[in-house]
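Pasted below: input-v2.txt, compact mmCIF, C-alpha atoms.
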```
# COMPACT_ATOMS: atom_id res chain seq x y z
CA MET A 5 110.11 -15.63 4.62
CA SER A 6 110.24 -12.31 2.87
CA ALA A 7 108.25 -11.63 -0.28
CA VAL A 8 111.35 -11.16 -2.41
CA ALA A 9 112.88 -14.45 -1.27
CA SER A 10 109.58 -16.22 -1.95
CA VAL A 11 109.47 -14.92 -5.51
CA PHE A 12 113.11 -15.89 -6.06
CA LYS A 13 112.53 -19.44 -4.81
CA ARG A 14 109.36 -19.88 -6.82
CA GLU A 15 111.01 -18.66 -10.01
CA LEU A 16 113.89 -21.08 -9.53
CA ALA A 17 111.46 -23.94 -8.91
CA LEU A 18 109.46 -22.98 -11.99
CA ALA A 19 112.57 -22.70 -14.14
CA TRP A 20 113.72 -26.11 -12.94
CA ARG A 21 110.34 -27.78 -13.56
CA THR A 22 110.06 -26.33 -17.06
CA GLY A 23 113.41 -27.55 -18.32
CA GLY A 24 115.75 -25.03 -16.74
CA PRO A 25 118.70 -24.04 -18.88
CA ALA A 26 118.38 -27.06 -21.21
CA ALA A 27 116.84 -25.25 -24.19
CA PRO A 28 118.97 -22.06 -24.26
CA VAL A 29 122.19 -23.88 -23.38
CA GLY A 30 121.41 -26.56 -25.95
CA PHE A 31 120.85 -23.88 -28.57
CA PHE A 32 124.04 -22.08 -27.59
CA LEU A 33 126.21 -25.19 -27.66
CA GLY A 34 124.58 -26.48 -30.82
CA ALA A 35 125.13 -23.24 -32.70
CA THR A 36 128.69 -22.73 -31.51
CA THR A 37 129.68 -26.30 -32.39
CA LEU A 38 128.16 -26.06 -35.86
CA LEU A 39 130.10 -22.88 -36.63
CA PRO A 40 133.59 -24.46 -36.75
CA LEU A 41 132.13 -27.28 -38.84
CA ALA A 42 130.86 -24.71 -41.32
CA MET A 43 133.95 -22.52 -41.27
CA GLY A 44 136.52 -25.22 -41.78
CA THR A 45 139.76 -25.88 -39.94
CA ASP A 46 141.55 -22.57 -40.46
CA ARG A 47 142.81 -22.01 -36.93
CA ALA A 48 143.52 -18.29 -37.32
CA LEU A 49 140.08 -17.64 -38.80
CA LEU A 50 138.34 -19.54 -36.00
CA GLN A 51 140.36 -17.72 -33.35
CA SER A 52 139.42 -14.29 -34.67
CA ALA A 53 135.80 -15.15 -35.50
CA GLY A 54 135.19 -17.14 -32.31
CA PRO A 55 134.60 -14.42 -29.70
CA PRO A 56 132.09 -12.41 -31.76
CA LEU A 57 130.22 -15.59 -32.64
CA ILE A 58 130.08 -16.70 -29.00
CA TRP A 59 128.67 -13.36 -27.93
CA VAL A 60 126.06 -13.08 -30.65
CA THR A 61 124.91 -16.65 -30.01
CA ALA A 62 124.79 -16.02 -26.26
CA ALA A 63 122.69 -12.88 -26.80
CA LEU A 64 120.22 -14.82 -28.95
CA ALA A 65 120.07 -17.63 -26.40
CA ALA A 66 119.30 -15.09 -23.65
CA LEU A 67 116.59 -13.60 -25.84
CA MET A 68 114.88 -17.00 -26.10
CA THR A 69 114.15 -17.06 -22.39
CA LEU A 70 112.58 -13.61 -22.16
CA GLU A 71 109.32 -13.97 -24.07
CA ARG A 72 107.34 -15.87 -21.44
CA LEU A 73 108.95 -14.22 -18.41
CA PHE A 74 106.05 -11.89 -17.59
CA GLN A 75 103.56 -13.00 -20.23
CA ALA A 76 102.80 -16.21 -18.36
CA ASP A 77 102.20 -14.23 -15.14
CA LEU A 78 99.89 -11.82 -16.93
CA GLU A 79 97.88 -14.63 -18.53
CA ASP A 80 97.38 -16.78 -15.44
CA GLY A 81 96.69 -13.95 -13.02
CA SER A 82 99.94 -14.24 -11.03
CA LEU A 83 100.88 -10.68 -11.97
CA ASP A 84 98.00 -9.32 -9.83
CA GLN A 85 99.40 -11.15 -6.82
CA LEU A 86 102.92 -9.87 -7.48
CA LEU A 87 101.55 -6.32 -7.49
CA LEU A 88 99.84 -6.95 -4.15
CA GLY A 89 102.99 -8.49 -2.68
CA ALA A 90 104.61 -7.28 0.51
CA ALA A 91 107.62 -5.83 -1.33
CA PRO A 92 108.11 -3.08 -3.91
CA MET A 93 107.45 -4.31 -7.44
CA GLU A 94 110.96 -3.22 -8.46
CA LEU A 95 112.51 -5.69 -6.00
CA ILE A 96 110.12 -8.44 -7.05
CA VAL A 97 111.12 -7.90 -10.68
CA LEU A 98 114.78 -7.91 -9.62
CA ALA A 99 114.19 -11.24 -7.86
CA LYS A 100 112.70 -12.68 -11.05
CA GLY A 101 115.67 -11.42 -13.04
CA ALA A 102 118.15 -12.82 -10.51
CA ALA A 103 116.45 -16.22 -10.62
CA LEU A 104 116.60 -16.18 -14.42
CA TRP A 105 120.29 -15.32 -14.27
CA LEU A 106 120.98 -18.18 -11.90
CA ALA A 107 118.83 -20.68 -13.82
CA VAL A 108 119.84 -19.75 -17.35
CA GLY A 109 122.45 -16.96 -17.42
CA LEU A 110 125.08 -18.69 -15.32
CA PRO A 111 124.75 -22.08 -17.10
CA LEU A 112 125.08 -20.24 -20.44
CA ALA A 113 128.24 -18.52 -19.19
CA ILE A 114 129.69 -21.85 -18.12
CA ALA A 115 128.73 -23.34 -21.48
CA GLY A 116 130.92 -20.59 -22.95
CA ALA A 117 133.99 -22.61 -21.94
CA PRO A 118 133.41 -25.63 -24.24
CA ALA A 119 132.18 -23.27 -26.94
CA ALA A 120 135.37 -21.21 -26.74
CA ILE A 121 137.51 -24.34 -26.86
CA ALA A 122 135.59 -25.60 -29.89
CA LEU A 123 136.42 -22.29 -31.57
CA GLN A 124 140.16 -22.72 -30.92
CA THR A 125 140.41 -20.10 -28.20
CA PRO A 126 143.65 -20.47 -26.16
CA LEU A 127 142.92 -22.16 -22.83
CA ALA A 128 144.39 -19.23 -20.88
CA ALA A 129 141.64 -16.94 -22.22
CA VAL A 130 138.76 -19.22 -21.21
CA PRO A 131 138.29 -18.00 -17.58
CA ALA A 132 137.96 -14.40 -18.74
CA ILE A 133 135.42 -15.45 -21.37
CA VAL A 134 133.28 -17.32 -18.84
CA ALA A 135 133.44 -14.44 -16.32
CA SER A 136 132.61 -11.87 -18.99
CA LEU A 137 129.70 -13.98 -20.25
CA ALA A 138 128.33 -14.15 -16.69
CA LEU A 139 128.42 -10.35 -16.54
CA GLY A 140 127.06 -10.09 -20.07
CA MET A 141 124.09 -12.30 -19.15
CA ALA A 142 123.31 -9.96 -16.25
CA ALA A 143 123.35 -7.04 -18.70
CA PHE A 144 121.17 -8.91 -21.22
CA ILE A 145 118.65 -9.97 -18.58
CA GLY A 146 118.54 -6.49 -16.97
CA VAL A 147 117.68 -4.89 -20.29
CA GLY A 148 115.57 -7.87 -21.28
CA LEU A 149 113.30 -7.40 -18.26
CA ILE A 150 112.12 -4.13 -19.81
CA GLY A 151 111.40 -5.70 -23.19
CA ALA A 152 109.63 -8.65 -21.56
CA ALA A 153 107.49 -6.35 -19.39
CA VAL A 154 106.53 -4.01 -22.23
CA THR A 155 105.50 -6.90 -24.51
CA ALA A 156 103.84 -9.06 -21.83
CA GLY A 157 100.38 -8.42 -23.28
CA VAL A 158 101.41 -9.07 -26.88
CA ARG A 159 100.74 -12.50 -28.39
CA ARG A 160 103.90 -13.91 -29.96
CA GLY A 161 105.80 -10.93 -28.63
CA GLY A 162 109.18 -12.60 -29.14
CA VAL A 163 110.00 -10.69 -32.31
CA LEU A 164 108.92 -7.44 -30.70
CA ILE A 165 111.15 -8.12 -27.68
CA ALA A 166 114.08 -8.68 -30.05
CA LEU A 167 113.40 -5.36 -31.81
CA ILE A 168 113.17 -3.48 -28.52
CA VAL A 169 116.03 -5.13 -26.71
CA LEU A 170 118.70 -6.00 -29.28
CA PRO A 171 119.90 -2.39 -29.78
CA PHE A 172 120.50 -2.18 -26.04
CA PHE A 173 122.52 -5.40 -26.14
CA ALA A 174 125.10 -3.53 -28.24
CA PRO A 175 127.35 -2.12 -25.47
CA ALA A 176 127.60 -5.45 -23.66
CA ILE A 177 128.37 -7.23 -26.93
CA ILE A 178 131.04 -4.69 -27.89
CA PHE A 179 132.90 -4.91 -24.58
CA GLY A 180 132.20 -8.61 -24.09
CA ALA A 181 133.63 -9.57 -27.48
CA ALA A 182 136.61 -7.29 -26.73
CA VAL A 183 137.27 -9.18 -23.49
CA ALA A 184 137.03 -12.49 -25.32
CA GLY A 185 139.15 -11.28 -28.25
CA HIS A 186 142.05 -9.82 -26.29
CA GLY A 187 141.73 -12.19 -23.39
CA GLY A 188 141.93 -10.42 -20.09
CA PHE A 189 140.37 -8.63 -17.18
CA GLY A 190 141.32 -5.15 -18.45
CA ALA A 191 139.42 -2.00 -19.31
CA ALA A 192 136.92 -3.77 -21.55
CA PHE A 193 136.01 -6.08 -18.67
CA LEU A 194 135.40 -3.12 -16.37
CA MET A 195 133.26 -1.42 -18.99
CA LEU A 196 131.26 -4.64 -19.33
CA ALA A 197 130.80 -4.74 -15.57
CA GLY A 198 129.52 -1.16 -15.79
CA CYS A 199 127.00 -2.16 -18.48
CA ALA A 200 125.81 -5.02 -16.30
CA LEU A 201 125.45 -2.83 -13.23
CA GLY A 202 123.54 -0.17 -15.16
CA ALA A 203 121.16 -2.71 -16.69
CA VAL A 204 120.55 -4.46 -13.37
CA ALA A 205 119.88 -1.15 -11.61
CA LEU A 206 117.60 0.40 -14.24
CA GLY A 207 115.92 -2.64 -15.78
CA PRO A 208 113.75 -3.60 -12.79
CA VAL A 209 112.57 0.00 -12.28
CA ALA A 210 111.44 0.40 -15.88
CA ALA A 211 110.00 -3.13 -16.03
CA ALA A 212 107.99 -2.58 -12.82
CA ALA A 213 106.48 0.59 -14.26
CA ALA A 214 105.54 -1.25 -17.46
CA LEU A 215 103.98 -4.13 -15.48
CA ARG A 216 101.79 -1.77 -13.47
CA LEU A 217 100.36 -0.54 -16.76
CA GLN A 218 99.88 -4.13 -17.96
CA ALA A 219 97.67 -4.84 -14.94
CA GLU A 220 95.10 -2.16 -15.88
CA MET B 11 92.45 -19.94 12.64
CA ASP B 12 93.06 -17.01 14.89
CA GLY B 13 89.65 -16.02 16.13
CA SER B 14 90.83 -13.03 18.12
CA ARG B 15 92.11 -11.06 15.14
CA SER B 16 90.28 -7.87 14.45
CA PHE B 17 90.61 -5.68 11.40
CA GLN B 18 90.01 -1.96 11.40
CA LEU B 19 89.55 -0.89 7.82
CA THR B 20 86.89 1.36 6.42
CA LEU B 21 86.56 1.77 2.70
CA ARG B 22 85.04 4.94 1.33
CA VAL B 23 84.21 5.37 -2.33
CA GLU B 24 83.19 8.85 -3.43
CA ARG B 25 81.64 9.75 -6.77
CA LEU B 26 83.69 7.16 -8.59
CA ALA B 27 83.68 7.01 -12.37
CA ILE B 28 85.46 4.29 -14.32
CA ALA B 29 86.11 4.05 -18.03
CA ARG B 30 87.50 1.26 -20.15
CA GLY B 31 89.00 2.67 -23.32
CA THR B 32 86.72 5.49 -24.42
CA ARG B 33 83.58 4.07 -22.83
CA THR B 34 82.48 5.22 -19.38
CA LEU B 35 81.21 2.18 -17.52
CA PHE B 36 79.61 3.99 -14.60
CA SER B 37 79.93 7.28 -12.83
CA ASP B 38 78.91 8.88 -9.57
CA LEU B 39 79.21 5.69 -7.53
CA SER B 40 79.51 6.32 -3.80
CA PHE B 41 79.41 3.86 -0.92
CA ASP B 42 81.03 3.15 2.43
CA ALA B 43 82.07 -0.22 3.78
CA ALA B 44 82.69 -0.29 7.52
CA PRO B 45 84.43 -3.14 9.38
CA GLY B 46 82.32 -6.28 9.10
CA ALA B 47 80.56 -5.20 5.90
CA PHE B 48 79.78 -7.72 3.18
CA VAL B 49 79.02 -5.82 -0.01
CA ALA B 50 77.49 -7.65 -2.97
CA LEU B 51 78.07 -6.16 -6.43
CA ARG B 52 75.39 -6.93 -8.93
CA GLY B 53 74.63 -6.01 -12.49
CA PRO B 54 74.60 -7.46 -16.00
CA ASN B 55 77.71 -8.63 -17.87
CA GLY B 56 80.00 -5.83 -18.94
CA VAL B 57 78.59 -3.27 -16.53
CA GLY B 58 81.93 -2.85 -14.79
CA LYS B 59 81.96 -5.14 -11.74
CA THR B 60 85.42 -6.48 -12.47
CA SER B 61 86.68 -3.00 -13.35
CA LEU B 62 85.38 -1.65 -10.05
CA LEU B 63 87.16 -4.41 -8.13
CA ARG B 64 90.39 -3.77 -10.05
CA ALA B 65 90.06 -0.05 -9.34
CA LEU B 66 89.60 -0.79 -5.64
CA ALA B 67 92.72 -2.98 -5.82
CA GLY B 68 94.62 0.00 -7.22
CA PHE B 69 95.28 -1.53 -10.65
CA LEU B 70 92.87 0.60 -12.63
CA ARG B 71 93.01 4.37 -12.43
CA PRO B 72 89.50 5.82 -12.02
CA LEU B 73 88.31 8.49 -14.44
CA SER B 74 87.27 10.63 -11.49
CA GLY B 75 86.25 10.28 -7.87
CA ARG B 76 88.10 8.96 -4.86
CA ILE B 77 88.80 5.66 -3.14
CA ALA B 78 89.94 6.08 0.45
CA PHE B 79 91.14 3.46 2.89
CA ALA B 80 90.84 4.51 6.52
CA GLY B 81 92.89 2.33 8.85
CA ALA B 82 95.42 1.10 6.28
CA ASP B 83 98.75 2.77 5.57
CA GLU B 84 99.38 0.82 2.42
CA PRO B 85 96.13 -0.20 0.66
CA ALA B 86 97.89 -2.77 -1.57
CA LEU B 87 99.00 -4.65 1.57
CA ALA B 88 95.55 -4.54 3.14
CA LEU B 89 93.63 -6.32 0.43
CA HIS B 90 93.22 -9.62 -1.36
CA LEU B 91 91.99 -9.82 -4.93
CA LEU B 92 90.46 -13.09 -6.09
CA GLY B 93 89.98 -12.70 -9.82
CA HIS B 94 88.75 -14.88 -12.65
CA ARG B 95 92.19 -16.36 -13.07
CA ASP B 96 93.54 -18.30 -10.14
CA GLY B 97 97.22 -17.51 -10.68
CA LEU B 98 98.27 -21.15 -10.57
CA LYS B 99 101.42 -22.57 -12.13
CA ALA B 100 100.75 -25.97 -13.70
CA SER B 101 104.06 -27.51 -12.66
CA LEU B 102 104.02 -26.52 -8.97
CA ASP B 103 102.12 -28.48 -6.34
CA ALA B 104 99.27 -27.09 -4.25
CA ARG B 105 101.34 -26.72 -1.09
CA ALA B 106 104.07 -24.81 -2.96
CA HIS B 107 101.43 -22.33 -4.08
CA VAL B 108 100.16 -21.73 -0.55
CA ARG B 109 103.71 -21.48 0.81
CA TYR B 110 104.56 -18.96 -1.92
CA TRP B 111 101.48 -16.85 -1.17
CA ALA B 112 102.29 -16.90 2.52
CA GLY B 113 105.74 -15.49 1.76
CA LEU B 114 104.68 -13.06 -0.94
CA LEU B 115 101.60 -11.67 0.75
CA GLY B 116 102.92 -11.50 4.29
CA GLY B 117 101.41 -14.59 5.94
CA GLU B 118 102.73 -16.97 8.55
CA PRO B 119 104.26 -20.35 7.59
CA SER B 120 102.26 -21.91 10.43
CA ALA B 121 99.06 -20.99 8.57
CA ILE B 122 99.90 -23.05 5.48
CA GLU B 123 98.66 -26.48 6.58
CA PRO B 124 95.51 -25.19 8.33
CA ALA B 125 94.62 -23.23 5.19
CA LEU B 126 95.03 -26.32 2.98
CA ALA B 127 92.92 -28.35 5.41
CA ARG B 128 90.21 -25.70 5.57
CA VAL B 129 89.73 -25.63 1.80
CA GLY B 130 89.77 -29.44 1.70
CA LEU B 131 92.98 -29.89 -0.29
CA SER B 132 95.23 -31.58 2.27
CA ALA B 133 94.97 -34.91 0.46
CA VAL B 134 96.08 -33.44 -2.87
CA ALA B 135 98.59 -30.90 -1.51
CA ASP B 136 101.51 -32.68 -3.17
CA LEU B 137 99.93 -32.89 -6.61
CA PRO B 138 100.90 -30.38 -9.29
CA ALA B 139 98.25 -27.77 -10.10
CA ARG B 140 98.08 -29.25 -13.60
CA VAL B 141 96.07 -32.24 -12.35
CA LEU B 142 93.70 -30.28 -10.09
CA SER B 143 90.16 -29.78 -11.31
CA GLN B 144 88.75 -26.32 -11.97
CA GLY B 145 86.91 -26.39 -8.66
CA GLN B 146 89.99 -27.56 -6.76
CA GLY B 147 91.97 -24.74 -8.37
CA ARG B 148 89.38 -22.29 -7.09
CA ARG B 149 89.59 -23.83 -3.62
CA LEU B 150 93.35 -23.42 -3.77
CA SER B 151 92.82 -19.72 -4.53
CA LEU B 152 90.58 -19.48 -1.49
CA ALA B 153 93.48 -20.77 0.61
CA ARG B 154 95.30 -17.56 -0.38
CA LEU B 155 92.71 -15.55 1.55
CA LEU B 156 93.33 -17.66 4.63
CA VAL B 157 97.11 -17.86 4.61
CA ALA B 158 97.77 -14.12 4.66
CA PRO B 159 95.44 -12.09 6.87
CA ARG B 160 94.31 -8.98 5.01
CA ALA B 161 91.40 -6.75 5.91
CA LEU B 162 89.70 -6.29 2.53
CA TRP B 163 88.67 -9.18 0.30
CA LEU B 164 87.80 -8.27 -3.28
CA LEU B 165 86.14 -11.34 -4.79
CA ASP B 166 85.22 -11.58 -8.46
CA GLU B 167 82.70 -14.37 -9.05
CA PRO B 168 84.23 -16.32 -6.16
CA SER B 169 81.81 -19.23 -6.35
CA ALA B 170 82.52 -19.95 -10.03
CA SER B 171 83.11 -23.70 -10.50
CA LEU B 172 82.69 -24.44 -6.76
CA ASP B 173 80.47 -27.36 -5.73
CA ALA B 174 77.81 -27.08 -3.01
CA ALA B 175 80.32 -27.84 -0.27
CA GLY B 176 82.72 -25.29 -1.76
CA LYS B 177 80.01 -22.63 -1.73
CA ALA B 178 79.27 -23.42 1.89
CA LEU B 179 82.99 -23.15 2.64
CA LEU B 180 83.12 -19.76 0.90
CA ALA B 181 80.12 -18.56 2.90
CA SER B 182 81.68 -19.65 6.18
CA MET B 183 84.96 -17.96 5.26
CA ILE B 184 83.17 -14.71 4.45
CA ASP B 185 81.17 -15.04 7.65
CA GLU B 186 84.29 -15.53 9.73
CA HIS B 187 86.17 -12.70 8.01
CA CYS B 188 83.33 -10.24 8.57
CA GLY B 189 83.09 -11.46 12.14
CA GLN B 190 86.71 -10.40 12.63
CA GLY B 191 85.93 -6.92 11.33
CA GLY B 192 87.08 -7.63 7.78
CA VAL B 193 85.39 -6.19 4.71
CA VAL B 194 84.27 -8.35 1.78
CA ILE B 195 83.24 -6.95 -1.59
CA ALA B 196 82.06 -9.65 -3.96
CA ALA B 197 80.73 -9.56 -7.50
CA ALA B 198 78.33 -12.35 -8.32
CA HIS B 199 75.31 -13.25 -10.38
CA GLU B 200 73.93 -15.91 -8.08
CA GLU B 201 72.85 -15.50 -4.47
CA PHE B 202 75.42 -16.05 -1.74
CA ALA B 203 74.82 -18.62 0.97
CA ARG B 204 75.44 -15.76 3.41
CA ALA B 205 73.25 -12.66 2.99
CA PRO B 206 75.20 -9.48 2.17
CA THR B 207 74.95 -6.48 4.47
CA GLN B 208 74.64 -4.17 1.49
CA THR B 209 74.02 -4.64 -2.22
CA ILE B 210 75.26 -2.31 -4.93
CA VAL B 211 73.58 -2.64 -8.29
CA LEU B 212 75.62 -1.26 -11.16
CA ALA B 213 73.65 -0.20 -14.20
```
When written as structure tokens, how does the structure in this file appear?
Amino acid sequence: MSAVASVFKRELALAWRTGGPAAPVGFFLGATTLLPLAMGTDRALLQSAGPPLIWVTAALAALMTLERLFQADLEDGSLDQLLLGAAPMELIVLAKGAALWLAVGLPLAIAGAPAAIALQTPLAAVPAIVASLALGMAAFIGVGLIGAAVTAGVRRGGVLIALIVLPFFAPAIIFGAAVAGHGGFGAAFLMLAGCALGAVALGPVAAAAALRLQAE
Amino acid sequence: MDGSRSFQLTLRVERLAIARGTRTLFSDLSFDAAPGAFVALRGPNGVGKTSLLRALAGFLRPLSGRIAFAGADEPALALHLLGHRDGLKASLDARAHVRYWAGLLGGEPSAIEPALARVGLSAVADLPARVLSQGQGRRLSLARLLVAPRALWLLDEPSASLDAAGKALLASMIDEHCGQGGVVIAAAHEEFARAPTQTIVLA
């Protein structure tokens, strides 16, 4: 089996053994169900406030998963083995990101459906919201790889990751909330797809460079 | 194990100097390691044994000097590094680790069970690494050397937390690897059960 496939499988197994999407999805659903309770029953208000709230909560939930992504590998010595692996570090990092997307990003996107319904979103708009969240998670994780790699050697680096990464979440949030707000696979959706592609292409390259420095 | 394998890697270190931060650990270190060489690194704590091994692995950029691998196109694919930390994940079982290393480091799936048997972990192969003892964790790391054939072994205190049988196992593995033309460079404070072919004292 190829090195990249091995890393992907191991990351999935690790994610599954350590709770998988339970914590971030639980946070996401908990926060998005509390919001309508706090905001009252004004249907129009919920409908207009819903999409932005879903996206901000999803971004924070994605952020939760990033802190230990490379830090654990650095601490236990696994990072050395990744660097000696029979595949370019960029692809190995991409495999880790893809596994994280499958284990956490996709479940979060699916959890967007009940969250949207709780926030009074019309049912017809729900598929576009779920699809855009899936793309948005790819964008968040792509950028997040860089933040996680740069802060791998920092104890309690979670806050630092947030400071580094949150500004780069902005484009995905802007277009993602636009998709959710106007309901559809139009221009905003394509722009979001562009953000995701860019982050997935550049994130692993930058993260791999940062990880090589971490190994010194 | 495949007894017919033969490695062809010669390591040449020329006038190497390594610094950590602003402090130069050592300079002007030169040595050659031909196929079959077993090089022991000695010296007090903090003298730079681990840094030298990490420089040879390509992780640490030397201050000056040269590290050349003759007979290997891609040095990172021709070496194993066994460091202080075993790289184990508490929630995964022993066999999953060996299978992962085989895939990551370019080994054969058929080598997984023999490697586990050789390091004496067949009986606990299904237990998560969390419940393995320190010495069993080290034995599991040794399985990494067996599951993916690579010419150069860089071992940092390899016998740490190994029992007498484990040390004998390590010696026989080194013996076999050198017999196949492999190169072993090991940092240690205690004597090895197998005598090194050369000793480098860092000071």
How many Å separate CA of Ala197 (chain B) from CA of Gly53 (chain B)?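 So the answer is 8.6 Å.
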Find the residues around region 206-211 of chain A up to 8 Å (only C-alpha atoms counted), leave out those fewer than 3 positions away in its own chain, and share them as number ranges by chain. A: 94-95, 97-98, 146-154, 202-203, 214-215
Residues just named, written with C-alpha atoms as an mmCIF file, in the frame of the given file:
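Full text of selection.cif as output:
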```
data_model
loop_
_atom_site.group_PDB
_atom_site.id
_atom_site.type_symbol
_atom_site.label_atom_id
_atom_site.label_comp_id
_atom_site.auth_asym_id
_atom_site.auth_seq_id
_atom_site.Cartn_x
_atom_site.Cartn_y
_atom_site.Cartn_z
ATOM 1 C CA GLU A 94 110.960 -3.220 -8.460
ATOM 2 C CA LEU A 95 112.510 -5.690 -6.000
ATOM 3 C CA VAL A 97 111.120 -7.900 -10.680
ATOM 4 C CA LEU A 98 114.780 -7.910 -9.620
ATOM 5 C CA GLY A 146 118.540 -6.490 -16.970
ATOM 6 C CA VAL A 147 117.680 -4.890 -20.290
ATOM 7 C CA GLY A 148 115.570 -7.870 -21.280
ATOM 8 C CA LEU A 149 113.300 -7.400 -18.260
ATOM 9 C CA ILE A 150 112.120 -4.130 -19.810
ATOM 10 C CA GLY A 151 111.400 -5.700 -23.190
ATOM 11 C CA ALA A 152 109.630 -8.650 -21.560
ATOM 12 C CA ALA A 153 107.490 -6.350 -19.390
ATOM 13 C CA VAL A 154 106.530 -4.010 -22.230
ATOM 14 C CA GLY A 202 123.540 -0.170 -15.160
ATOM 15 C CA ALA A 203 121.160 -2.710 -16.690
ATOM 16 C CA ALA A 214 105.540 -1.250 -17.460
ATOM 17 C CA LEU A 215 103.980 -4.130 -15.480
#
```
Give me, as a list in words, the residues of chain A touching chain B, with the criterion being at most 7 Å (counting only C-alpha atoms).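 Close enough to count are Met5, Ser6, Ala7, Ser10, Val11, Arg14, Arg21, Asp80, Gly81, Ser82, Leu88, Gly89, Ala90, Ala219 and Glu220 of chain A.
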Hey, can you check how far CA of Ala175 (chain B) sits from CA of Pro124 (chain B)?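 Distance between the two atoms: 17.7 Å.
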Expressed in Å to a single decimal, how great is the separation between CA of Ala181 (chain B) and CA of Phe17 (chain B)?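 Distance between the two atoms: 18.7 Å.
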Please output region 180-193 of chain B, rebuilt to include N, CA and C atoms, as a compact mmCIF listing (two decimals), keeping the file's coordinate frame.
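Saved the output as part-v1.txt:
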```txt
# COMPACT_ATOMS: atom_id res chain seq x y z
N LEU B 180 82.93 -21.18 1.21
CA LEU B 180 83.12 -19.76 0.90
C LEU B 180 82.27 -18.89 1.83
N ALA B 181 81.00 -19.33 2.02
CA ALA B 181 80.12 -18.56 2.90
C ALA B 181 80.65 -18.51 4.33
N SER B 182 81.18 -19.64 4.79
CA SER B 182 81.68 -19.65 6.18
C SER B 182 82.95 -18.81 6.30
N MET B 183 83.76 -18.80 5.23
CA MET B 183 84.96 -17.96 5.26
C MET B 183 84.59 -16.48 5.30
N ILE B 184 83.61 -16.11 4.47
CA ILE B 184 83.17 -14.71 4.45
C ILE B 184 82.60 -14.34 5.81
N ASP B 185 81.79 -15.26 6.36
CA ASP B 185 81.17 -15.04 7.65
C ASP B 185 82.22 -14.78 8.73
N GLU B 186 83.24 -15.64 8.73
CA GLU B 186 84.29 -15.53 9.73
C GLU B 186 85.08 -14.23 9.56
N HIS B 187 85.38 -13.91 8.29
CA HIS B 187 86.17 -12.70 8.01
C HIS B 187 85.42 -11.45 8.46
N CYS B 188 84.13 -11.40 8.14
CA CYS B 188 83.33 -10.24 8.57
C CYS B 188 83.22 -10.20 10.09
N GLY B 189 83.16 -11.38 10.69
CA GLY B 189 83.09 -11.46 12.14
C GLY B 189 84.33 -10.89 12.81
N GLN B 190 85.45 -10.95 12.09
CA GLN B 190 86.71 -10.40 12.63
C GLN B 190 86.88 -8.93 12.27
N GLY B 191 85.84 -8.33 11.70
CA GLY B 191 85.93 -6.92 11.33
C GLY B 191 86.45 -6.70 9.93
N GLY B 192 86.62 -7.77 9.16
CA GLY B 192 87.08 -7.63 7.78
C GLY B 192 85.97 -7.14 6.87
N VAL B 193 86.35 -6.67 5.69
CA VAL B 193 85.39 -6.19 4.71
C VAL B 193 85.47 -7.10 3.48
```
